[in-house]
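Below is model.cif, which holds mmCIF, C-alpha atoms.
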```
data_protein
loop_
_atom_site.label_atom_id
_atom_site.label_comp_id
_atom_site.auth_asym_id
_atom_site.auth_seq_id
_atom_site.Cartn_x
_atom_site.Cartn_y
_atom_site.Cartn_z
CA MET G 253 95.74 12.80 105.57
CA ASN G 254 96.90 12.55 101.90
CA THR G 255 93.38 13.00 100.55
CA ASN G 256 93.11 14.12 96.91
CA LYS G 257 96.53 12.62 96.17
CA ARG G 258 97.85 9.80 94.04
CA SER G 259 100.81 7.64 95.09
CA ILE G 260 103.65 6.12 93.12
CA THR G 261 106.94 4.57 94.19
CA LEU G 262 110.28 4.97 92.43
CA ASP G 263 113.65 3.59 93.46
CA LEU G 264 115.78 6.69 92.92
CA GLY G 265 118.89 4.59 93.43
CA SER G 266 118.23 2.99 90.04
CA GLU G 267 118.81 4.50 86.61
CA ASP G 268 115.21 3.75 85.60
CA GLY G 269 113.88 5.39 88.76
CA ARG G 270 115.85 8.58 88.20
CA ARG G 271 114.89 8.69 84.51
CA LEU G 272 111.19 8.40 85.32
CA PHE G 273 111.46 10.97 88.11
CA LEU G 274 112.99 13.47 85.69
CA ALA G 275 110.27 12.72 83.15
CA LEU G 276 107.60 13.46 85.75
CA ALA G 277 109.40 16.63 86.90
CA ALA G 278 109.62 17.86 83.30
CA ASP G 279 105.82 18.09 83.20
CA ALA G 280 105.24 19.22 86.79
CA ASP G 281 104.59 22.59 88.39
CA VAL G 282 106.23 21.83 91.74
CA VAL G 283 108.62 19.28 93.25
CA ILE G 284 108.67 19.20 97.07
CA GLU G 285 111.17 17.17 99.07
CA ASN G 286 111.82 16.90 102.79
CA PHE G 287 115.18 15.09 102.93
CA SER G 288 118.46 16.25 104.39
CA PRO G 289 120.37 18.11 101.63
CA ARG G 290 122.72 15.24 100.81
CA VAL G 291 119.92 12.87 99.68
CA MET G 292 118.86 14.54 96.43
CA GLU G 293 122.49 15.39 95.72
CA HIS G 294 123.37 11.71 96.16
CA PHE G 295 120.75 10.75 93.57
CA GLY G 296 121.94 13.46 91.18
CA LEU G 297 118.55 15.17 91.33
CA THR G 298 119.57 18.62 92.52
CA ALA G 299 117.50 21.72 91.85
CA GLU G 300 119.88 22.61 89.04
CA VAL G 301 119.23 19.28 87.32
CA LEU G 302 115.47 19.54 87.78
CA LEU G 303 115.34 23.13 86.54
CA LYS G 304 117.34 22.15 83.48
CA ALA G 305 114.65 19.56 82.71
CA ASN G 306 111.87 22.08 83.40
CA PRO G 307 112.86 25.78 83.56
CA ARG G 308 109.43 26.80 84.95
CA LEU G 309 109.57 24.31 87.82
CA VAL G 310 109.34 25.33 91.48
CA VAL G 311 111.67 23.10 93.53
CA ALA G 312 110.74 23.34 97.21
CA ARG G 313 113.35 21.91 99.55
CA MET G 314 112.51 21.45 103.23
CA PRO G 315 115.61 20.26 105.10
CA ALA G 316 115.66 20.39 108.87
CA PHE G 317 118.28 23.13 109.17
CA GLY G 318 118.81 24.57 105.68
CA LEU G 319 121.05 23.98 102.69
CA THR G 320 124.05 25.81 104.16
CA GLY G 321 125.73 26.15 107.53
CA PRO G 322 127.47 23.71 109.89
CA TRP G 323 124.26 21.73 110.54
CA ARG G 324 123.15 21.36 106.91
CA ASP G 325 123.59 17.57 106.82
CA ARG G 326 122.00 16.84 110.18
CA VAL G 327 118.82 14.79 110.11
CA GLY G 328 115.93 16.28 112.07
CA PHE G 329 112.32 15.54 112.90
CA ALA G 330 109.57 17.68 114.44
CA PRO G 331 110.69 17.09 118.07
CA THR G 332 114.24 18.09 117.08
CA MET G 333 113.18 21.46 115.70
CA GLU G 334 110.67 22.13 118.49
CA GLN G 335 113.41 21.75 121.07
CA ILE G 336 116.01 23.79 119.20
CA GLY G 337 113.43 26.51 118.48
CA GLY G 338 112.53 26.93 122.17
CA LEU G 339 109.00 25.56 121.91
CA THR G 340 109.67 22.58 124.17
CA TRP G 341 111.34 24.77 126.82
CA VAL G 342 108.10 26.61 127.58
CA THR G 343 105.86 23.52 127.45
CA GLY G 344 105.08 21.69 130.68
CA LEU G 345 104.87 22.35 134.41
CA PRO G 346 107.31 24.72 136.19
CA GLU G 347 108.68 22.01 138.47
CA GLU G 348 108.90 19.32 135.78
CA PRO G 349 111.20 18.72 132.77
CA PRO G 350 110.25 20.27 129.41
CA VAL G 351 107.57 18.41 127.45
CA THR G 352 107.64 17.81 123.69
CA PRO G 353 104.63 19.58 122.08
CA ARG G 354 103.82 16.49 120.00
CA GLY G 355 104.68 17.45 116.43
CA ALA G 356 103.60 21.07 116.03
CA CYS G 357 106.54 21.64 113.68
CA ASP G 358 105.25 19.46 110.84
CA PRO G 359 102.03 21.38 110.08
CA LEU G 360 103.79 24.69 110.71
CA ALA G 361 106.46 23.84 108.15
CA GLY G 362 103.83 22.65 105.68
CA VAL G 363 101.80 25.87 105.91
CA HIS G 364 104.90 28.04 105.49
CA ALA G 365 105.94 25.91 102.51
CA ALA G 366 102.53 26.37 100.90
CA PHE G 367 102.85 30.16 101.08
CA ALA G 368 106.38 30.12 99.67
CA VAL G 369 105.46 27.73 96.85
CA LEU G 370 102.43 29.82 95.86
CA ALA G 371 104.62 32.94 95.72
CA ALA G 372 107.15 31.12 93.52
CA LEU G 373 104.37 29.78 91.28
CA ASN G 374 103.01 33.30 90.88
CA PHE G 375 106.47 34.48 89.83
CA ALA G 376 106.83 31.58 87.38
CA GLU G 377 103.43 32.36 85.89
CA ARG G 378 104.41 35.99 85.30
CA SER G 379 108.02 35.49 84.24
CA GLY G 380 108.24 31.94 82.91
CA VAL G 381 111.15 31.36 85.30
CA GLY G 382 111.15 28.65 87.97
CA GLN G 383 113.37 28.58 91.04
CA GLN G 384 114.50 26.70 94.10
CA VAL G 385 112.59 27.56 97.28
CA GLU G 386 114.46 26.76 100.51
CA LEU G 387 112.35 26.22 103.64
CA PRO G 388 114.35 25.10 106.71
CA MET G 389 111.90 23.52 109.15
CA VAL G 390 113.63 25.02 112.18
CA GLU G 391 113.00 28.53 110.82
CA SER G 392 109.28 27.77 110.51
CA VAL G 393 109.25 26.97 114.23
CA LEU G 394 111.20 30.13 115.06
CA ASN G 395 108.65 32.16 113.11
CA THR G 396 106.03 31.09 115.66
CA THR G 397 108.22 31.26 118.79
CA ALA G 398 109.83 34.63 118.00
CA ILE G 399 108.35 36.20 121.15
CA GLN G 400 110.71 34.15 123.31
CA PRO G 401 114.05 35.41 121.93
CA ILE G 402 112.57 38.92 121.62
CA GLU G 403 111.56 38.91 125.30
CA HIS G 404 115.11 37.93 126.20
CA GLU G 405 116.88 40.32 123.83
CA VAL G 406 114.72 43.36 124.65
CA TYR G 407 113.72 42.82 128.28
CA GLY G 408 116.25 40.28 129.55
CA VAL G 409 113.40 37.94 130.47
CA THR G 410 113.54 34.20 129.82
CA LEU G 411 110.07 32.74 129.46
CA ASN G 412 109.68 29.52 131.41
CA ARG G 413 107.15 26.74 131.81
CA CYS G 414 103.93 27.74 133.53
CA GLY G 415 101.72 24.72 132.92
CA ASN G 416 98.31 25.64 131.56
CA ARG G 417 98.21 29.16 132.98
CA GLY G 418 99.69 31.14 130.11
CA PHE G 419 101.94 34.16 130.46
CA GLY G 420 99.35 36.87 131.07
CA GLY G 421 97.18 37.63 134.06
CA ALA G 422 94.44 35.19 133.15
CA LEU G 423 93.58 32.21 135.29
CA GLN G 424 93.36 29.15 133.09
CA ASN G 425 93.75 25.44 133.61
CA ILE G 426 92.34 22.01 132.91
CA TYR G 427 90.21 20.56 135.69
CA ARG G 428 88.85 17.08 136.26
CA CYS G 429 85.07 16.76 136.38
CA ALA G 430 82.82 14.19 138.03
CA GLY G 431 82.69 11.69 135.17
CA ASP G 432 85.09 8.91 134.29
CA ASP G 433 88.21 10.70 133.04
CA ASP G 434 86.21 13.82 132.12
CA TRP G 435 88.19 17.08 131.92
CA ILE G 436 87.31 20.70 131.23
CA ALA G 437 89.49 23.58 129.97
CA VAL G 438 88.61 26.99 131.43
CA SER G 439 90.04 30.50 131.02
CA ILE G 440 89.16 33.37 133.35
CA ARG G 441 90.37 36.41 131.42
CA ASP G 442 89.21 39.34 133.53
CA ASP G 443 86.96 40.56 136.33
CA GLN G 444 83.81 39.98 134.27
CA ASP G 445 84.68 36.30 133.77
CA TRP G 446 85.60 35.97 137.43
CA ASN G 447 82.30 37.43 138.63
CA ALA G 448 80.37 35.21 136.21
CA LEU G 449 82.18 32.14 137.53
CA ALA G 450 81.54 33.19 141.11
CA GLU G 451 77.81 33.43 140.35
CA LEU G 452 77.80 29.95 138.83
CA MET G 453 79.53 28.61 141.95
CA GLU G 454 76.89 30.44 144.07
CA ARG G 455 79.58 32.72 145.50
CA PRO G 456 81.31 30.48 148.05
CA SER G 457 82.73 32.19 151.13
CA TRP G 458 86.32 32.06 149.86
CA CYS G 459 85.35 34.01 146.73
CA ASP G 460 85.38 37.43 148.43
CA GLU G 461 86.76 40.95 147.88
CA SER G 462 90.31 39.72 148.47
CA LEU G 463 90.10 38.16 144.98
CA SER G 464 88.26 40.99 143.25
CA THR G 465 91.03 42.05 140.84
CA THR G 466 93.31 40.29 138.39
CA ALA G 467 96.39 41.35 140.35
CA LEU G 468 94.99 39.93 143.60
CA ARG G 469 93.99 36.68 141.92
CA ARG G 470 97.42 36.33 140.33
CA GLU G 471 99.04 36.52 143.77
CA ARG G 472 96.89 33.62 145.00
CA ALA G 473 96.71 31.61 141.77
CA ASP G 474 97.76 28.33 143.38
CA GLU G 475 95.13 28.65 146.11
CA ILE G 476 92.41 29.50 143.56
CA ASP G 477 93.45 26.55 141.41
CA GLY G 478 92.96 24.25 144.37
CA ARG G 479 89.51 25.68 145.13
CA LEU G 480 88.43 25.39 141.50
CA ARG G 481 89.80 21.87 141.28
CA ASP G 482 87.57 20.84 144.19
CA TRP G 483 84.51 22.55 142.71
CA PHE G 484 84.88 21.14 139.19
CA ALA G 485 85.45 17.64 140.60
CA ALA G 486 81.81 17.61 141.72
CA GLN G 487 80.39 18.89 138.41
CA SER G 488 79.22 16.97 135.35
CA LEU G 489 81.26 17.84 132.28
CA MET G 490 78.87 18.89 129.50
CA PRO G 491 76.30 20.78 131.63
CA THR G 492 79.19 22.72 133.17
CA VAL G 493 80.68 23.53 129.76
CA GLU G 494 77.30 24.81 128.57
CA SER G 495 76.77 26.91 131.71
CA LEU G 496 80.21 28.50 131.46
CA ALA G 497 79.84 29.20 127.74
CA ALA G 498 76.39 30.73 128.29
CA SER G 499 77.97 33.07 130.84
CA GLY G 500 80.61 34.19 128.34
CA ILE G 501 83.45 32.24 129.93
CA PRO G 502 85.79 30.44 127.49
CA ALA G 503 85.38 26.74 128.26
CA ALA G 504 85.50 23.45 126.39
CA PRO G 505 85.56 19.74 127.12
CA VAL G 506 88.90 18.01 126.72
CA VAL G 507 88.15 15.25 124.22
CA SER G 508 90.22 12.42 122.83
CA PRO G 509 91.03 12.58 119.10
CA SER G 510 88.63 9.70 118.52
CA LEU G 511 85.70 11.95 119.51
CA VAL G 512 86.61 15.01 117.43
CA THR G 513 84.52 13.80 114.48
CA GLU G 514 81.44 13.94 116.74
CA ASN G 515 81.81 17.66 117.48
CA PRO G 516 78.40 19.20 116.65
CA GLN G 517 79.87 22.51 115.45
CA LEU G 518 82.31 20.85 113.04
CA CYS G 519 79.66 18.42 111.81
CA ASP G 520 77.14 21.19 111.19
CA ARG G 521 79.69 23.12 109.12
CA GLY G 522 80.62 20.05 107.09
CA TYR G 523 84.27 20.16 108.13
CA PHE G 524 84.51 16.38 107.78
CA GLU G 525 83.64 14.72 104.49
CA PRO G 526 83.05 10.98 103.94
CA LEU G 527 85.18 8.97 101.53
CA VAL G 528 85.37 5.24 100.85
CA HIS G 529 88.87 3.84 101.36
CA CYS G 530 89.85 0.56 99.73
CA ARG G 531 91.15 -0.88 103.02
CA ILE G 532 88.88 0.49 105.74
CA GLY G 533 85.67 1.38 103.90
CA GLN G 534 83.84 4.64 104.51
CA ALA G 535 85.42 7.09 106.94
CA LEU G 536 85.36 10.79 107.73
CA TYR G 537 88.30 12.95 106.69
CA PRO G 538 89.15 16.57 107.60
CA THR G 539 88.97 19.30 104.97
CA PRO G 540 90.93 22.59 104.65
CA PRO G 541 90.24 24.98 107.55
CA PHE G 542 88.33 27.56 105.53
CA ALA G 543 84.84 27.62 104.06
CA ARG G 544 84.16 26.20 100.62
CA LEU G 545 84.68 28.65 97.80
CA ALA G 546 82.00 29.89 95.40
CA GLY G 547 80.66 27.11 93.20
CA GLN G 548 82.34 24.42 95.30
CA ARG G 549 80.25 21.61 96.77
CA GLU G 550 82.99 19.52 98.37
CA TRP G 551 86.73 19.52 99.00
CA LEU G 552 87.57 15.85 98.82
CA ARG G 553 87.59 13.78 95.64
CA ARG G 554 89.99 10.94 96.49
CA PRO G 555 90.63 8.95 99.67
CA PRO G 556 94.22 8.63 100.89
CA PRO G 557 96.13 6.30 98.53
CA THR G 558 97.93 3.15 99.55
CA LEU G 559 101.65 2.98 98.82
CA GLY G 560 102.24 2.82 95.08
CA GLU G 561 98.52 2.48 94.38
CA HIS G 562 98.75 4.57 91.21
CA ASN G 563 102.07 3.31 89.83
CA GLU G 564 100.58 1.92 86.63
CA GLU G 565 98.02 4.70 86.16
CA ILE G 566 100.51 7.55 86.43
CA LEU G 567 103.42 5.93 84.61
CA ARG G 568 101.14 5.04 81.72
CA GLU G 569 99.47 8.44 81.68
CA ARG G 570 102.51 10.67 82.22
CA CYS G 571 105.42 8.60 80.91
CA GLY G 572 103.74 6.44 78.26
CA LEU G 573 104.94 3.11 79.68
CA THR G 574 103.62 -0.19 78.32
CA ASP G 575 102.44 -3.23 80.27
CA GLU G 576 105.75 -4.96 79.51
CA GLU G 577 107.78 -2.01 80.80
CA LEU G 578 105.69 -1.78 83.97
CA ALA G 579 106.12 -5.51 84.60
CA ARG G 580 109.89 -5.19 84.17
CA LEU G 581 110.07 -2.25 86.59
CA ALA G 582 108.02 -4.14 89.19
CA ALA G 583 110.14 -7.28 88.83
CA SER G 584 113.36 -5.30 89.27
CA GLY G 585 112.03 -3.39 92.31
CA VAL G 586 112.02 0.05 90.71
CA ILE G 587 108.30 0.32 91.52
CA GLY G 588 106.24 -1.56 94.07
CA THR G 589 103.44 -1.43 96.60
CA ARG G 590 105.35 -2.37 99.74
CA PRO G 591 108.36 -0.75 101.41
CA LYS G 592 111.61 -2.49 100.56
CA GLY G 593 112.51 -5.16 103.08
CA VAL G 594 108.93 -5.59 104.31
#
```

Let me see the structure of the file written as structure tokens.
Amino acid sequence: MNTNKRSITLDLGSEDGRRLFLALAADADVVIENFSPRVMEHFGLTAEVLLKANPRLVVARMPAFGLTGPWRDRVGFAPTMEQIGGLTWVTGLPEEPPVTPRGACDPLAGVHAAFAVLAALNFAERSGVGQQVELPMVESVLNTTAIQPIEHEVYGVTLNRCGNRGFGGALQNIYRCAGDDDWIAVSIRDDQDWNALAELMERPSWCDESLSTTALRRERADEIDGRLRDWFAAQSLMPTVESLAASGIPAAPVVSPSLVTENPQLCDRGYFEPLVHCRIGQALYPTPPFARLAGQREWLRRPPPTLGEHNEEILRERCGLTDEELARLAASGVIGTRPKGV
């Protein structure tokens, strides 16, 4: 969400832009870029140049496919890597085409980059020596989908799409409830869950000994899905979620992103914090997914910045520019608050 950040713009195609970028890098701990390899090379801002300006610097580069190899200059986005990494292949229904998982690669790559950068910073702190850290996004995806190639290499099994059921013996799916576009996600992991569900359904006649084990239920999974679909269609969403959860069955309502900020568990834990944004006013923003540390009252100090919002503040503070110099840079398009051409 870009909270706790400041934003500046620099035209790196200009001499002034490159000069100011190097001045900022000379006083930085980390530079992170997510271009294809040729971009920073084109601007003359390679890791070698940056490390010459600041020998303790950590230069994190996150190209789609790496800095070497036949695909080094290919441009890629999250859907590109998810498909190449095998994630898309196993997402969707068995009888339908693969479905893009909607951008899982971006946060995966960011988390992996954070670990690598922290390790490099620790080394720089101990040795005084910075370095380039290379983080191909496709390899971040492969780090989370490794089970698929391993299954094939070791067992000769190619994992395929299985909808919402998962690859184990559990029965799980998303079922429509009685409300207007209300849906529930349910997982029946074992015999205990199955018996608890049967009790909640008041043990209908079809729920007999022929479905008493996981193996038997797996053989008739499609039939059971149909029966459960009919039963859930007559149930109200939230009372059913509460009844299932009280019986120890994993269940949750399927909510739109617009309703996530109303989740009582997240609200009680203070996961969202309010900030006042200059364009939209007060809004709730997510915080890091771990509890506040000792002595910490809040995570968020700044709302997300607008483009170039802190041009003058940072260039005065870090580069010592005057009002006249800032005006000249703005007039020549080296800095600005709107994308070029807009």

Please measure the separation of atom CA of G:Ala330 and atom CA of G:Pro541, giving the value in Å to one decimal. 21.8 Å

Please report the interatomic distance between atom CA of G:Ile260 and atom CA of G:His562 in Å with one decimal.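 Spanning atom CA of G:Ile260 to atom CA of G:His562 is a straight-line distance of 5.5 Å.
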
Name all residues at most 6 Å from stretch 546-555 of chain G (count only C-alpha atoms; drop same-chain ones fewer than 4 positions away) and give them as a ChimeraX atom specification. /G:255-256,527,529

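Each of G:Ala299, G:Val381, G:Ala504, G:Ala376 was checked against G:Tyr427 using all atoms listed in the file; the smallest atom-to-atom distance is that of G:Ala504.
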
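Between atom CA of G:Arg308 and atom CA of G:Ala278 there is a distance of 9.1 Å.
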
Need the shell around stretch 570-573 of chain G: protein/DNA/RNA residues with any atom at most 9 Å away, counting only C-alpha atoms. Skip same-chain ones fewer than 4 positions apart. Format as an mmCIF file with C-alpha atoms, in the frame of the given file?
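Output file around38.cif follows:
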```cif
data_model
loop_
_atom_site.group_PDB
_atom_site.id
_atom_site.type_symbol
_atom_site.label_atom_id
_atom_site.label_comp_id
_atom_site.auth_asym_id
_atom_site.auth_seq_id
_atom_site.Cartn_x
_atom_site.Cartn_y
_atom_site.Cartn_z
ATOM 1 C CA LEU G 272 111.190 8.400 85.320
ATOM 2 C CA ALA G 275 110.270 12.720 83.150
ATOM 3 C CA LEU G 276 107.600 13.460 85.750
ATOM 4 C CA ASP G 279 105.820 18.090 83.200
ATOM 5 C CA GLU G 564 100.580 1.920 86.630
ATOM 6 C CA GLU G 565 98.020 4.700 86.160
ATOM 7 C CA ILE G 566 100.510 7.550 86.430
ATOM 8 C CA GLU G 577 107.780 -2.010 80.800
ATOM 9 C CA LEU G 578 105.690 -1.780 83.970
#
```

Counting all atoms listed in the file, which residues come within 10 Å of (108.0, 12.5, 113.8), with the point read in the file's coordinates, and could you list them as a list in words? Gly328, Phe329, Ala330, Pro331, Thr332, Arg354, Gly355, Ala356, Cys357 and Asp358 of chain G

Do you know which residues are at most 10 Å from stretch 445-458 of chain G counting all atoms listed in the file, after dropping those on the same chain fewer than 3 positions away, and could you put them as a ChimeraX atom specification? /G:422-423,439-442,461-466,469,476,479-480,483-484,492,495-496,498-502

Applied to the shown file, which residues does the PyMOL selection byres ((chain G and resi 487-490) around 9) return, written as an MDAnalysis selection string? chainID G and resid 428:431 434:436 483:486 491:495 504:505

Point out the residue among G:Leu411, G:Leu468, G:Val586, G:Leu370 with the least atom-to-atom distance to G:Glu267, counting all atoms listed in the file.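 Selected residue with least distance to G:Glu267: G:Val586.
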
Pick from G:Ser508, G:Asn306, G:Thr340, G:Thr397: nearest to G:Asp433, with all atoms listed in the file counted?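 Among the listed residues, G:Ser508 lies closest to G:Asp433.
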
Near G:Ala398, counting all atoms listed in the file, which residues have an atom at most 10 Å away, once you skip same-chain residues fewer than 6 positions from it, shown as a list in words?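 Using all atoms listed in the file, the neighbours found are Gly337, Gly338, Leu339 and Glu391 of chain G.
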
Starting from the PyMOL selection byres ((chain G and resi 304) around 12), expand the selection into actual residues of this file and give them as a PyMOL selection string. chain G and resi 274-275+277-278+297-303+305-311+381-384

The PyMOL selection byres ((chain G and resi 315-321) around 10) applied to the shown file, residues as a ChimeraX atom specification: /G:285-290,312-314,322-330,332-333,361,386-392

Which residues come within 12 Å of G:Leu518, counting only C-alpha atoms, excluding same-chain residues fewer than 2 positions away, as a ChimeraX atom specification? /G:511-516,520-525,536-539,541-543

Could you check which of G:Asp268, G:Asp263, G:Asp460, G:Asp281 is closest to G:Ala372, using only C-alpha atoms? G:Asp281

Nearest to G:Thr558 by atom-to-atom distance, counting all atoms listed in the file, from G:Ala535, G:Gly265, G:Ala579, G:Thr589: G:Thr589

Return the single residue from G:Glu569, G:Arg531, G:Pro540, G:Arg413 that is closest to G:Pro556, with distances computed using all atoms listed in the file. G:Arg531

Write out N, CA and C atoms for stretch 479-490 of chain G, as a compact mmCIF listing (two decimals), keeping the file's coordinate frame.
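Contents of selection26.txt, as written:
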```txt
# COMPACT_ATOMS: atom_id res chain seq x y z
N ARG G 479 90.95 25.51 144.88
CA ARG G 479 89.51 25.68 145.13
C ARG G 479 88.70 25.27 143.89
N LEU G 480 89.15 25.72 142.73
CA LEU G 480 88.43 25.39 141.50
C LEU G 480 88.51 23.90 141.20
N ARG G 481 89.65 23.31 141.51
CA ARG G 481 89.80 21.87 141.28
C ARG G 481 88.76 21.11 142.10
N ASP G 482 88.56 21.51 143.34
CA ASP G 482 87.57 20.84 144.19
C ASP G 482 86.16 21.05 143.66
N TRP G 483 85.87 22.27 143.18
CA TRP G 483 84.51 22.55 142.71
C TRP G 483 84.21 21.79 141.43
N PHE G 484 85.12 21.84 140.46
CA PHE G 484 84.88 21.14 139.19
C PHE G 484 84.79 19.63 139.39
N ALA G 485 85.47 19.09 140.37
CA ALA G 485 85.45 17.64 140.60
C ALA G 485 84.06 17.13 140.92
N ALA G 486 83.18 18.02 141.38
CA ALA G 486 81.81 17.61 141.72
C ALA G 486 80.81 17.94 140.62
N GLN G 487 81.28 18.47 139.48
CA GLN G 487 80.39 18.89 138.41
C GLN G 487 80.42 17.92 137.24
N SER G 488 79.28 17.75 136.58
CA SER G 488 79.22 16.97 135.35
C SER G 488 79.80 17.80 134.20
N LEU G 489 80.49 17.14 133.31
CA LEU G 489 81.26 17.84 132.28
C LEU G 489 80.42 18.72 131.37
N MET G 490 79.54 18.13 130.56
CA MET G 490 78.87 18.89 129.50
C MET G 490 77.92 19.96 130.04
```
